[in-house]
>>> print(open('protein14.csv').read())   # CSV, C-alpha atoms
chain,number,residue,atom,x,y,z
A,1,MET,CA,12.7,22.5,10.9
A,2,PRO,CA,14.3,23.5,8.6
A,3,TYR,CA,11.2,23.8,6.3
A,4,LEU,CA,9.5,26.0,8.9
A,5,ILE,CA,12.0,28.9,8.3
A,6,ARG,CA,10.9,29.2,4.6
A,7,CYS,CA,7.3,28.8,5.6
A,8,LEU,CA,7.3,31.7,8.1
A,9,GLU,CA,9.3,33.9,5.7
A,10,SER,CA,6.6,33.5,3.2
A,11,VAL,CA,4.0,34.7,5.7
A,12,GLU,CA,6.1,37.8,6.5
A,13,ALA,CA,6.4,38.5,2.8
A,14,GLN,CA,2.7,38.7,2.2
A,15,THR,CA,1.6,41.8,0.3
A,16,ILE,CA,-1.6,42.0,2.2
A,17,GLY,CA,0.4,43.5,5.1
A,18,ALA,CA,1.5,42.4,8.5
A,19,ASP,CA,-1.3,44.4,10.2
A,20,ARG,CA,-4.0,42.2,8.4
A,21,ILE,CA,-2.5,38.8,9.4
A,22,GLU,CA,-2.2,36.8,12.6
A,23,ILE,CA,-0.3,33.6,13.0
A,24,VAL,CA,-1.4,31.0,15.5
A,25,ALA,CA,1.5,28.5,15.6
A,26,VAL,CA,0.8,25.2,17.3
A,27,ASP,CA,4.0,23.2,18.2
A,28,ASP,CA,2.6,19.7,18.5
A,29,GLY,CA,5.4,18.2,20.6
A,30,SER,CA,8.3,18.8,18.3
A,31,THR,CA,11.8,17.7,19.3
A,32,ASP,CA,13.9,19.5,16.7
A,33,GLY,CA,14.0,23.0,17.9
A,34,THR,CA,10.8,24.1,16.3
A,35,GLY,CA,9.3,25.4,19.5
A,36,GLU,CA,12.3,27.6,20.3
A,37,TYR,CA,12.4,29.0,16.8
A,38,LEU,CA,8.7,29.9,17.0
A,39,GLU,CA,9.2,31.7,20.3
A,40,GLU,CA,12.1,33.7,18.7
A,41,PHE,CA,10.1,34.5,15.6
A,42,ALA,CA,7.1,35.7,17.6
A,43,ALA,CA,9.3,38.1,19.6
A,44,ARG,CA,10.8,39.8,16.5
A,45,SER,CA,8.2,39.5,13.7
A,46,LYS,CA,5.9,42.3,12.7
A,47,VAL,CA,3.2,39.8,12.2
A,48,PRO,CA,1.3,39.2,15.5
A,49,THR,CA,2.1,35.6,16.4
A,50,ARG,CA,0.8,33.4,19.2
A,51,VAL,CA,2.7,30.2,20.0
A,52,ILE,CA,1.1,27.2,21.6
A,53,ARG,CA,3.3,24.4,22.7
A,54,GLN,CA,1.6,21.1,23.6
A,55,LYS,CA,2.3,17.4,23.8
A,56,ASN,CA,2.3,15.5,20.6
A,57,SER,CA,-1.3,14.6,19.6
A,58,GLY,CA,-0.4,12.0,17.0
A,59,GLY,CA,-1.9,13.8,14.0
A,60,PRO,CA,-2.8,17.2,12.4
A,61,SER,CA,-6.4,17.4,13.6
A,62,GLY,CA,-5.7,18.3,17.2
A,63,PRO,CA,-3.3,21.2,16.4
A,64,ARG,CA,-5.5,22.6,13.7
A,65,ASN,CA,-8.5,22.6,16.0
A,66,VAL,CA,-6.5,24.4,18.7
A,67,GLY,CA,-5.4,27.0,16.2
A,68,LEU,CA,-8.9,27.4,14.8
A,69,GLY,CA,-10.3,27.9,18.3
A,70,LEU,CA,-7.9,30.8,18.9
A,71,ALA,CA,-8.3,32.4,15.4
A,72,ARG,CA,-9.8,35.9,15.3
A,73,GLY,CA,-9.7,36.9,11.7
A,74,ARG,CA,-12.5,36.8,9.1
A,75,TYR,CA,-10.7,34.1,7.3
A,76,VAL,CA,-8.5,31.2,8.3
A,77,PHE,CA,-5.8,29.3,6.3
A,78,PHE,CA,-4.2,26.1,7.4
A,79,LEU,CA,-0.6,26.4,6.4
A,80,ASP,CA,1.6,23.3,6.9
A,81,ALA,CA,5.0,24.0,8.3
A,82,ASP,CA,6.7,22.2,5.3
A,83,ASP,CA,5.1,24.5,2.7
A,84,TYR,CA,5.1,28.1,1.8
A,85,PHE,CA,3.0,30.9,0.2
A,86,GLY,CA,3.4,32.9,-3.0
A,87,ASP,CA,3.9,36.5,-2.0
A,88,GLU,CA,0.5,37.7,-3.1
A,89,ALA,CA,-1.4,34.6,-2.0
A,90,LEU,CA,-3.4,36.0,1.0
A,91,GLU,CA,-4.1,39.3,-0.7
A,92,ARG,CA,-5.5,37.6,-3.8
A,93,MET,CA,-7.5,35.0,-1.9
A,94,VAL,CA,-9.1,37.5,0.5
A,95,THR,CA,-9.9,39.9,-2.3
A,96,MET,CA,-11.6,37.1,-4.2
A,97,ALA,CA,-13.6,36.0,-1.2
A,98,ASP,CA,-14.7,39.5,-0.4
A,99,ARG,CA,-15.7,40.2,-4.0
A,100,ALA,CA,-17.5,36.9,-4.7
A,101,GLY,CA,-19.0,36.4,-1.3
A,102,THR,CA,-17.8,32.8,-1.3
A,103,ASP,CA,-16.9,30.8,1.8
A,104,VAL,CA,-14.0,28.8,0.4
A,105,VAL,CA,-11.2,30.0,-1.9
A,106,LEU,CA,-8.8,27.6,-3.7
A,107,GLY,CA,-5.5,29.3,-4.6
A,108,LYS,CA,-3.4,27.5,-7.3
A,109,VAL,CA,-1.1,24.8,-5.8
A,110,VAL,CA,2.1,23.5,-7.4
A,111,GLY,CA,4.4,20.8,-6.1
A,112,VAL,CA,8.0,21.3,-5.2
A,113,ASN,CA,9.8,18.0,-5.3
A,114,ARG,CA,6.5,16.3,-5.4
A,115,GLY,CA,3.2,16.1,-7.3
A,116,ALA,CA,0.2,18.3,-6.8
A,117,PRO,CA,-3.5,18.3,-8.0
A,118,LYS,CA,-3.9,19.8,-11.5
A,119,SER,CA,-7.4,19.3,-12.9
A,120,MET,CA,-9.1,22.1,-11.0
A,121,TRP,CA,-6.8,24.9,-12.2
A,122,GLY,CA,-8.2,25.3,-15.8
A,123,ALA,CA,-9.4,28.9,-15.2
A,124,THR,CA,-9.9,31.5,-12.5
A,125,LYS,CA,-13.6,31.6,-11.5
A,126,GLU,CA,-15.4,33.6,-8.9
A,127,ARG,CA,-18.0,31.0,-8.1
A,128,VAL,CA,-18.1,27.2,-8.7
A,129,ASP,CA,-19.5,24.2,-6.9
A,130,VAL,CA,-18.7,20.5,-6.6
A,131,TYR,CA,-21.0,19.7,-9.6
A,132,ASN,CA,-19.7,22.1,-12.2
A,133,SER,CA,-15.9,22.0,-11.5
A,134,LYS,CA,-13.1,19.7,-10.4
A,135,VAL,CA,-12.7,21.1,-6.9
A,136,ILE,CA,-13.9,17.8,-5.4
A,137,TYR,CA,-10.6,16.4,-6.4
A,138,THR,CA,-8.7,18.7,-4.0
A,139,LEU,CA,-9.9,18.2,-0.5
A,140,SER,CA,-6.7,19.1,1.4
A,141,ALA,CA,-7.0,21.7,4.2
A,142,GLN,CA,-4.8,24.3,2.3
A,143,LYS,CA,-7.7,26.6,1.4
A,144,LEU,CA,-8.9,30.0,2.6
A,145,PHE,CA,-12.1,29.4,4.7
A,146,ARG,CA,-14.5,32.0,5.9
A,147,ARG,CA,-14.3,31.6,9.7
A,148,GLU,CA,-18.0,32.6,10.2
A,149,LEU,CA,-19.0,29.4,8.2
A,150,LEU,CA,-16.8,27.2,10.3
A,151,GLU,CA,-18.2,28.6,13.6
A,152,ARG,CA,-21.8,28.5,12.4
A,153,LEU,CA,-21.4,24.8,11.5
A,154,SER,CA,-19.3,24.2,14.6
A,155,LEU,CA,-16.9,22.5,12.1
A,156,ARG,CA,-13.7,21.0,13.4
A,157,PHE,CA,-11.3,18.3,12.2
A,158,ASP,CA,-12.2,14.8,13.3
A,159,GLU,CA,-9.6,13.8,15.8
A,160,ASN,CA,-10.6,10.2,15.7
A,161,LEU,CA,-9.4,9.8,12.0
A,162,LYS,CA,-5.8,9.1,11.5
A,163,THR,CA,-5.9,10.1,7.8
A,164,GLY,CA,-8.4,11.9,5.5
A,165,GLU,CA,-9.6,14.3,8.2
A,166,ASP,CA,-8.9,17.2,6.0
A,167,ALA,CA,-11.0,15.7,3.1
A,168,LEU,CA,-13.9,15.4,5.4
A,169,PHE,CA,-13.6,18.9,6.7
A,170,THR,CA,-13.2,20.5,3.3
A,171,MET,CA,-16.0,18.5,1.7
A,172,GLU,CA,-18.4,19.7,4.2
A,173,THR,CA,-17.5,23.3,3.6
A,174,TYR,CA,-18.0,22.7,-0.2
A,175,LEU,CA,-21.4,21.3,0.4
A,176,ARG,CA,-22.7,23.6,3.1
A,177,GLY,CA,-20.9,26.8,2.3
A,178,ALA,CA,-21.9,29.7,0.0
A,179,GLY,CA,-19.9,28.7,-3.0
A,180,VAL,CA,-16.2,28.2,-3.9
A,181,SER,CA,-13.8,30.4,-5.7
A,182,VAL,CA,-10.8,29.3,-7.8
A,183,ILE,CA,-7.6,31.3,-8.5
A,184,SER,CA,-5.7,29.7,-11.3
A,185,ASN,CA,-3.6,32.6,-12.7
A,186,TYR,CA,-1.3,32.9,-9.7
A,187,VAL,CA,0.6,30.3,-7.7
A,188,CYS,CA,-0.7,30.8,-4.1
A,189,TYR,CA,0.7,27.7,-2.4
A,190,TYR,CA,3.9,25.6,-2.8
A,191,LEU,CA,3.4,22.0,-1.7
A,192,VAL,CA,6.9,20.9,-0.7
A,193,GLY,CA,8.2,17.3,-0.9
A,194,ARG,CA,10.4,16.6,2.2
A,195,ASP,CA,13.8,15.2,1.5
A,196,ASP,CA,13.2,12.5,4.1
A,197,GLY,CA,9.9,11.5,2.4
A,198,LYS,CA,8.0,11.7,5.7
A,199,HIS,CA,4.5,12.9,4.8
A,200,VAL,CA,1.4,12.2,6.8
A,201,THR,CA,-0.5,11.4,3.6
A,202,LYS,CA,2.0,8.6,2.8
A,203,SER,CA,1.9,7.0,6.3
A,204,GLY,CA,-0.7,4.9,8.0
A,205,THR,CA,-2.4,1.5,7.4
A,206,TYR,CA,-5.1,0.4,5.0
A,207,VAL,CA,-7.5,0.2,8.1
A,208,TRP,CA,-7.1,4.0,8.5
A,209,ARG,CA,-8.0,4.5,4.8
A,210,PHE,CA,-11.2,2.5,5.3
A,211,ASP,CA,-12.0,4.6,8.3
A,212,SER,CA,-11.6,7.7,6.1
A,213,MET,CA,-13.7,6.3,3.3
A,214,ARG,CA,-16.5,5.3,5.7
A,215,ALA,CA,-16.6,8.8,7.2
A,216,MET,CA,-16.7,10.5,3.8
A,217,MET,CA,-19.5,8.2,2.4
A,218,ALA,CA,-21.6,8.8,5.6
A,219,LEU,CA,-21.1,12.6,5.3
A,220,ILE,CA,-22.2,12.7,1.7
A,221,HIS,CA,-25.3,10.6,2.5
A,222,ARG,CA,-26.1,12.8,5.5
A,223,ILE,CA,-25.9,16.1,3.5
A,224,GLU,CA,-27.0,15.2,0.0
A,225,PRO,CA,-30.5,13.6,-0.6
A,226,ALA,CA,-30.7,10.5,-2.7
A,227,GLY,CA,-30.5,11.1,-6.4
A,228,PRO,CA,-28.1,12.0,-9.3
A,229,LYS,CA,-26.2,14.6,-7.3
A,230,ARG,CA,-25.5,12.2,-4.5
A,231,ASP,CA,-24.4,9.5,-7.0
A,232,PHE,CA,-22.0,12.0,-8.5
A,233,LEU,CA,-20.5,12.9,-5.2
A,234,MET,CA,-20.1,9.2,-4.2
A,235,VAL,CA,-17.9,8.6,-7.3
A,236,ARG,CA,-15.1,10.4,-5.4
A,237,PRO,CA,-14.7,8.1,-2.3
A,238,PHE,CA,-15.2,5.0,-4.5
A,239,THR,CA,-12.5,6.0,-7.1
A,240,VAL,CA,-10.2,8.0,-4.9
A,241,GLY,CA,-10.3,5.7,-1.9
A,242,THR,CA,-11.8,2.3,-2.4
A,243,LEU,CA,-10.1,1.5,-5.7
A,244,GLN,CA,-6.7,2.4,-4.3
A,245,GLN,CA,-7.1,-0.5,-1.9
A,246,PHE,CA,-8.2,-2.9,-4.7
A,247,GLY,CA,-5.7,-2.0,-7.4
A,248,PRO,CA,-2.3,-3.5,-8.1
A,249,VAL,CA,-1.5,-3.4,-4.4
A,250,VAL,CA,-3.7,-6.5,-3.9
A,251,LEU,CA,-1.3,-8.6,-5.9
A,252,LYS,CA,1.3,-8.0,-3.2
A,253,ASP,CA,-1.1,-8.3,-0.3
A,254,SER,CA,-1.1,-11.5,1.8
A,255,GLU,CA,-4.2,-13.7,1.8
A,256,GLU,CA,-5.0,-12.4,5.3
A,257,VAL,CA,-4.9,-8.7,4.2
A,258,ARG,CA,-7.0,-9.5,1.1
A,259,ARG,CA,-9.6,-11.1,3.3
A,260,HIS,CA,-9.6,-8.3,5.8
A,261,LYS,CA,-10.0,-5.6,3.1
A,262,MET,CA,-13.0,-7.5,1.7
A,263,GLU,CA,-14.5,-7.6,5.2
A,264,LEU,CA,-14.0,-3.8,5.6
A,265,ALA,CA,-15.4,-3.1,2.2
A,266,ALA,CA,-18.5,-5.3,2.4
A,267,PRO,CA,-20.7,-2.9,4.5
A,268,LEU,CA,-19.6,0.1,2.4
A,269,MET,CA,-20.5,-1.6,-0.8
A,270,GLU,CA,-23.8,-2.9,0.6
A,271,THR,CA,-24.8,0.5,1.9
A,272,TYR,CA,-23.5,2.9,-0.7
A,273,TRP,CA,-22.8,1.2,-4.0
A,274,ASN,CA,-25.6,1.3,-6.6
A,275,ASP,CA,-26.3,1.4,-10.3
A,276,GLY,CA,-26.4,5.2,-10.4
A,277,VAL,CA,-22.9,5.5,-9.0
A,278,ALA,CA,-21.6,2.6,-11.1
A,279,ARG,CA,-22.7,4.2,-14.4
A,280,LEU,CA,-20.6,7.3,-13.7
A,281,ILE,CA,-17.4,5.2,-13.5
A,282,LYS,CA,-15.3,3.9,-16.3
A,283,VAL,CA,-15.6,0.2,-17.2
A,284,PRO,CA,-12.3,-1.2,-15.9
A,285,GLU,CA,-12.7,0.7,-12.6
A,286,ARG,CA,-16.4,-0.2,-12.3
A,287,LEU,CA,-15.6,-3.9,-12.9
A,288,ARG,CA,-13.1,-4.0,-10.0
A,289,LEU,CA,-15.7,-2.4,-7.7
A,290,ALA,CA,-18.3,-4.9,-8.9
A,291,CYS,CA,-16.0,-7.7,-7.9
A,292,VAL,CA,-15.5,-6.1,-4.5
A,293,ALA,CA,-19.3,-5.8,-4.1
A,294,GLN,CA,-19.6,-9.5,-4.7
A,295,GLY,CA,-16.7,-10.3,-2.4
A,296,ARG,CA,-15.0,-12.1,-5.3
A,297,MET,CA,-11.2,-11.6,-4.7
A,298,ASP,CA,-10.5,-14.2,-7.4
A,299,LEU,CA,-12.3,-12.2,-10.1
A,300,LEU,CA,-10.8,-9.0,-8.8
A,301,ILE,CA,-7.2,-10.3,-9.1
A,302,GLU,CA,-7.9,-11.5,-12.6
A,303,MET,CA,-9.2,-8.0,-13.6
A,304,VAL,CA,-6.2,-6.3,-12.0
A,305,ARG,CA,-3.8,-8.5,-13.9
A,306,TYR,CA,-5.7,-8.0,-17.1
A,307,VAL,CA,-5.5,-4.2,-16.9
A,308,ARG,CA,-1.9,-4.2,-15.7
A,309,ALA,CA,-0.9,-6.3,-18.7
A,310,LYS,CA,-2.4,-3.5,-20.9
A,311,THR,CA,-4.6,-6.1,-22.6
A,312,VAL,CA,-7.1,-4.5,-25.0
A,313,PRO,CA,-10.6,-5.9,-24.7
A,314,ASP,CA,-12.9,-6.4,-27.7
A,315,VAL,CA,-15.6,-3.8,-28.3
A,316,VAL,CA,-19.1,-5.4,-28.6
A,317,LYS,CA,-22.2,-3.6,-29.7
A,318,SER,CA,-25.7,-4.6,-28.7
A,319,ARG,CA,-28.0,-5.9,-31.4
A,320,ASP,CA,-29.8,-2.6,-31.7
A,321,GLY,CA,-26.6,-0.7,-31.7
A,322,ARG,CA,-27.7,1.5,-28.8
A,323,LYS,CA,-25.2,0.0,-26.3
A,324,LEU,CA,-21.4,-0.5,-26.4
A,325,TYR,CA,-19.6,-3.0,-24.2
A,326,LEU,CA,-15.9,-3.6,-23.4
A,327,ALA,CA,-15.4,-7.3,-23.2
A,328,TYR,CA,-13.1,-7.5,-20.2
A,329,PRO,CA,-12.7,-11.0,-18.6
A,330,HIS,CA,-15.9,-12.9,-17.9
A,331,PHE,CA,-18.1,-10.8,-20.2
A,332,ARG,CA,-21.4,-12.7,-20.5
A,333,ASP,CA,-20.0,-15.6,-18.4
A,334,LYS,CA,-23.0,-16.6,-16.3
A,335,SER,CA,-20.8,-18.4,-13.7
A,336,ALA,CA,-19.1,-15.1,-12.8
A,337,ARG,CA,-22.4,-13.3,-12.2
A,338,LEU,CA,-21.2,-10.0,-13.5
A,339,ALA,CA,-24.1,-8.3,-15.2
A,340,ASP,CA,-23.6,-6.9,-18.7
A,341,SER,CA,-24.2,-3.4,-17.3
A,342,ASN,CA,-20.8,-3.6,-15.6
A,343,TYR,CA,-19.2,-3.8,-19.0
A,344,GLU,CA,-21.3,-1.1,-20.7
A,345,VAL,CA,-19.6,2.2,-21.8
A,346,THR,CA,-21.7,4.9,-20.0
A,347,VAL,CA,-19.1,7.6,-19.7
A,348,PRO,CA,-16.2,8.6,-21.9
A,349,ASP,CA,-13.6,5.9,-21.6
A,350,TRP,CA,-10.3,4.9,-23.3
A,351,HIS,CA,-9.8,1.9,-25.6
A,352,ASP,CA,-6.4,1.0,-27.1
A,353,GLY,CA,-5.3,4.6,-26.6
A,354,LYS,CA,-8.3,6.2,-28.2
A,355,ARG,CA,-11.3,8.0,-26.6
A,356,ILE,CA,-14.5,5.9,-26.7
A,357,GLU,CA,-18.0,7.0,-25.9
A,358,ALA,CA,-21.4,5.5,-25.6
A,359,PRO,CA,-23.5,5.6,-28.8
A,360,LYS,CA,-25.8,8.5,-29.0
A,361,ALA,CA,-29.4,7.7,-28.3
A,362,VAL,CA,-31.5,7.1,-31.4
A,363,ALA,CA,-35.2,7.7,-31.4
A,364,PRO,CA,-37.1,4.4,-31.9
A,365,ARG,CA,-38.6,3.9,-35.3
A,366,PRO,CA,-42.4,4.2,-35.3
A,367,SER,CA,-44.3,0.9,-35.5
A,368,LEU,CA,-46.0,-0.2,-38.7
A,369,SER,CA,-49.5,0.8,-37.4
A,370,ARG,CA,-48.2,4.3,-36.4
A,371,ARG,CA,-46.6,4.8,-39.9
A,372,VAL,CA,-49.9,3.8,-41.6
A,373,VAL,CA,-52.0,6.2,-39.4
A,374,GLY,CA,-49.5,8.9,-40.1
A,375,ARG,CA,-49.6,8.4,-43.9
A,376,MET,CA,-53.5,8.4,-43.8
A,377,ARG,CA,-53.5,11.7,-41.9
A,378,ARG,CA,-51.1,13.3,-44.4
A,379,ASP,CA,-53.4,12.1,-47.3
A,380,VAL,CA,-56.4,13.6,-45.6
A,381,ARG,CA,-54.6,17.0,-45.3
A,382,ARG,CA,-53.7,16.9,-49.0
A,383,TRP,CA,-57.3,16.2,-50.0
A,384,LYS,CA,-58.6,19.1,-47.8
A,385,LYS,CA,-56.1,21.4,-49.4
A,386,ARG,CA,-57.3,20.4,-53.0
A,387,LEU,CA,-61.0,20.8,-52.1
A,388,ASN,CA,-60.3,24.3,-50.6
A,389,ALA,CA,-58.4,25.2,-53.7
A,390,ALA,CA,-61.3,24.1,-56.0
>>> encode(input="protein14.csv", output="structure tokens")
Amino acid sequence: MPYLIRCLESVEAQTIGADRIEIVAVDDGSTDGTGEYLEEFAARSKVPTRVIRQKNSGGPSGPRNVGLGLARGRYVFFLDADDYFGDEALERMVTMADRAGTDVVLGKVVGVNRGAPKSMWGATKERVDVYNSKVIYTLSAQKLFRRELLERLSLRFDENLKTGEDALFTMETYLRGAGVSVISNYVCYYLVGRDDGKHVTKSGTYVWRFDSMRAMMALIHRIEPAGPKRDFLMVRPFTVGTLQQFGPVVLKDSEEVRRHKMELAAPLMETYWNDGVARLIKVPERLRLACVAQGRMDLLIEMVRYVRAKTVPDVVKSRDGRKLYLAYPHFRDKSARLADSNYEVTVPDWHDGKRIEAPKAVAPRPSLSRRVVGRMRRDVRRWKKRLNAA
């Protein structure tokens, strides 16, 4: 309360019609009158509503699992009590899922008094996957899911995770479902920033974040075989996860916290970090992760300060011109043990405000012996042509 009022009004306003919706409202031990309001709403609303009141579980996973276990519709949508729908949201998403046969539908999300993901809303598409779109960068639970998929996979939110449980759940539906649809031409979901600033995603400790990263990395390795696709997927937990713990925040961390973060990161880097993943990440981010992989907090802090100061590194070309390096601190410093490959531009990057890319591959010039043989063969063909003409 009071956000719940606007939330439920948006469900009643859905153009799909009250007879095609059911609400399963789980009151997870509220103390602000939410439970009483839900009971009142259920008694008067045209939308069939079931209210479950339980002791506080300490997180969103438990209530969502309870609701999912009671759901009867072909599709489910996890609507947070702070947020609300656009009037045509459910109609558009259900129509899209029915037409495309996909198991997950992303309806455009905008923020109200807060930010919201943007990169995935470039165009409305009936079918995409994690490899040809940006959907991997929105893993919140606010999606339309085909319930048959969730039941077939026995998929539920991990109640042992204090944060990131929705990312784990959504990623698995992306990877094991029958495709994803994206609706970008209509705002389906309004993500509301609370006036009191109390959002679950902003709470918690760094230990919880590492628990979430560990679970995500293990999930990807379990589902996706080793190779370029797995490497691509692993970029997400390393850049949206690990790097957040080893960015500017480390400058404020105590020595004890820094040491503990390195201890938590060590088994993740040893198990999941490899050259295939590294080459898909920009140089300044890759270098920070390389420092973490070596357990070198001293080098990491130096890299963070260098980037934070907006210092522009020199651009260095290899002798043959086929490689481009950004000379961040300790480039070719043997004592730092940071390989040149950590400094190589392998994906589009930014340098002094301009886009920079790796040099295009140039076919190697034939050796002298191959050029001589080629010339002799051309001479033979010319002699044959002259003899035939004579």
>>> residues_around(input="protein14.csv", residues="range 253-268 of chain A", least_positions_apart="6", cutoff="8 Å", atoms="only C-alpha atoms", output="JSON, numbers by chain")
{"A": [206, 210, 214, 242, 245, 292, 293, 295, 297]}
>>> closest_residue(input="protein14.csv", among="A:Leu191, A:Ile223, A:Met96, A:Val24", to="Asn65 in chain A", atoms="all atoms listed in the file")
A:Val24
>>> closest_residue(input="protein14.csv", among="A:Leu287, A:Met171, A:Ala339, A:Met376", to="Leu233 in chain A", atoms="all atoms listed in the file")
A:Met171
>>> closest_residue(input="protein14.csv", among="A:Asp166, A:Asp83, A:Glu126, A:Asp298", to="Val192 in chain A", atoms="all atoms listed in the file")
A:Asp83
>>> atom_distance(input="protein14.csv", atom1="CA of Gly122 in chain A", atom2="CA of Leu79 in chain A")
23.5 Å
>>> residues_near_point(input="protein14.csv", point="(-4.1, 40.2, 0.5)", cutoff="12 Å", atoms="only C-alpha atoms", output="list in words")
Val11, Ala13, Gln14, Thr15, Ile16, Gly17, Ala18, Asp19, Arg20, Ile21, Tyr75, Phe85, Gly86, Asp87, Glu88, Ala89, Leu90, Glu91, Arg92, Met93, Val94, Thr95, Met96, Ala97, Asp98, Leu144 and Cys188 of chain A
>>> closest_residue(input="protein14.csv", among="A:Lys46, A:Arg147, A:Arg176, A:His330", to="Glu224 in chain A", atoms="only C-alpha atoms")
A:Arg176
>>> residues_near_point(input="protein14.csv", point="(-10.7, 1.3, -11.8)", cutoff="9 Å", atoms="only C-alpha atoms", output="PyMOL selection string")
chain A and resi 239+243-244+246-247+281-289+304
>>> closest_atom_pairs(input="protein14.csv", of="range 120-174 of chain A", to="range 110-114 of chain A", cutoff="12 Å", atoms="all atoms listed in the file", output="Markdown table")
| residue | atom | partner | partner_atom | distance |
| --- | --- | --- | --- | --- |
| A:Met120 | CA | A:Val110 | CA | 11.8 |
| A:Trp121 | CA | A:Val110 | CA | 10.2 |
| A:Gln142 | CA | A:Val110 | CA | 11.9 |
>>> closest_residue(input="protein14.csv", among="A:Leu300, A:Lys310, A:Ala226, A:Ile136", to="Val240 in chain A", atoms="all atoms listed in the file")
A:Ile136
>>> closest_residue(input="protein14.csv", among="A:Glu39, A:Asp352, A:Glu12, A:Asp129", to="Ala25 in chain A", atoms="all atoms listed in the file")
A:Glu39
>>> residues_around(input="protein14.csv", residues="Gly353 in chain A", least_positions_apart="4", cutoff="12 Å", atoms="all atoms listed in the file", output="VMD selection string")
chain A and resid 310 to 313 349
>>> atom_distance(input="protein14.csv", atom1="CA of Ser181 in chain A", atom2="CA of Ala100 in chain A")
7.5 Å
>>> residues_around(input="protein14.csv", residues="range 211-213 of chain A", least_positions_apart="4", cutoff="9 Å", atoms="only C-alpha atoms", output="list in words")
Leu161, Lys162, Thr163, Gly164, Glu165, Ala167, Leu168, Tyr206, Val207, Met217, Ala218, Pro237, Phe238, Gly241, Thr242 and Leu268 of chain A
>>> residues_around(input="protein14.csv", residues="Phe169 in chain A", least_positions_apart="3", cutoff="8 Å", atoms="all atoms listed in the file", output="ChimeraX atom specification")
/A:141,155-158,165-166,172-173
>>> atom_distance(input="protein14.csv", atom1="CA of Met234 in chain A", atom2="CA of Glu270 in chain A")
13.5 Å
>>> decode(input="protein14.csv", residues="range 31-70 of chain A", atoms="C-alpha atoms", output="tab-separated table (two decimals), in the first residue's frame")
chain	number	residue	atom	x	y	z
A	31	THR	CA	1.48	-5.04	8.16
A	32	ASP	CA	0.13	-1.99	6.31
A	33	GLY	CA	-3.42	-3.04	5.52
A	34	THR	CA	-2.58	-4.83	2.28
A	35	GLY	CA	-4.25	-8.08	3.34
A	36	GLU	CA	-7.50	-6.36	4.27
A	37	TYR	CA	-7.55	-4.39	1.03
A	38	LEU	CA	-7.01	-7.58	-1.00
A	39	GLU	CA	-9.94	-9.28	0.73
A	40	GLU	CA	-12.14	-6.27	-0.01
A	41	PHE	CA	-10.99	-6.19	-3.66
A	42	ALA	CA	-11.67	-9.90	-4.13
A	43	ALA	CA	-15.22	-9.50	-2.82
A	44	ARG	CA	-16.16	-6.74	-5.27
A	45	SER	CA	-14.00	-7.20	-8.39
A	46	LYS	CA	-15.25	-8.82	-11.61
A	47	VAL	CA	-11.83	-10.41	-11.97
A	48	PRO	CA	-11.79	-13.77	-10.12
A	49	THR	CA	-9.36	-13.23	-7.25
A	50	ARG	CA	-7.90	-15.61	-4.70
A	51	VAL	CA	-6.13	-14.16	-1.69
A	52	ILE	CA	-3.51	-16.12	0.23
A	53	ARG	CA	-2.24	-14.62	3.46
A	54	GLN	CA	0.92	-16.08	4.99
A	55	LYS	CA	3.77	-15.24	7.32
A	56	ASN	CA	6.54	-13.17	5.81
A	57	SER	CA	8.92	-15.41	3.89
A	58	GLY	CA	11.77	-12.90	3.63
A	59	GLY	CA	11.80	-12.59	-0.16
A	60	PRO	CA	9.79	-12.73	-3.39
A	61	SER	CA	10.53	-16.36	-4.32
A	62	GLY	CA	8.21	-17.99	-1.80
A	63	PRO	CA	5.10	-15.91	-2.62
A	64	ARG	CA	5.68	-16.31	-6.35
A	65	ASN	CA	5.99	-20.07	-6.00
A	66	VAL	CA	2.78	-20.19	-3.99
A	67	GLY	CA	0.96	-18.19	-6.66
A	68	LEU	CA	2.40	-20.30	-9.47
A	69	GLY	CA	1.28	-23.47	-7.75
A	70	LEU	CA	-2.32	-22.19	-7.67
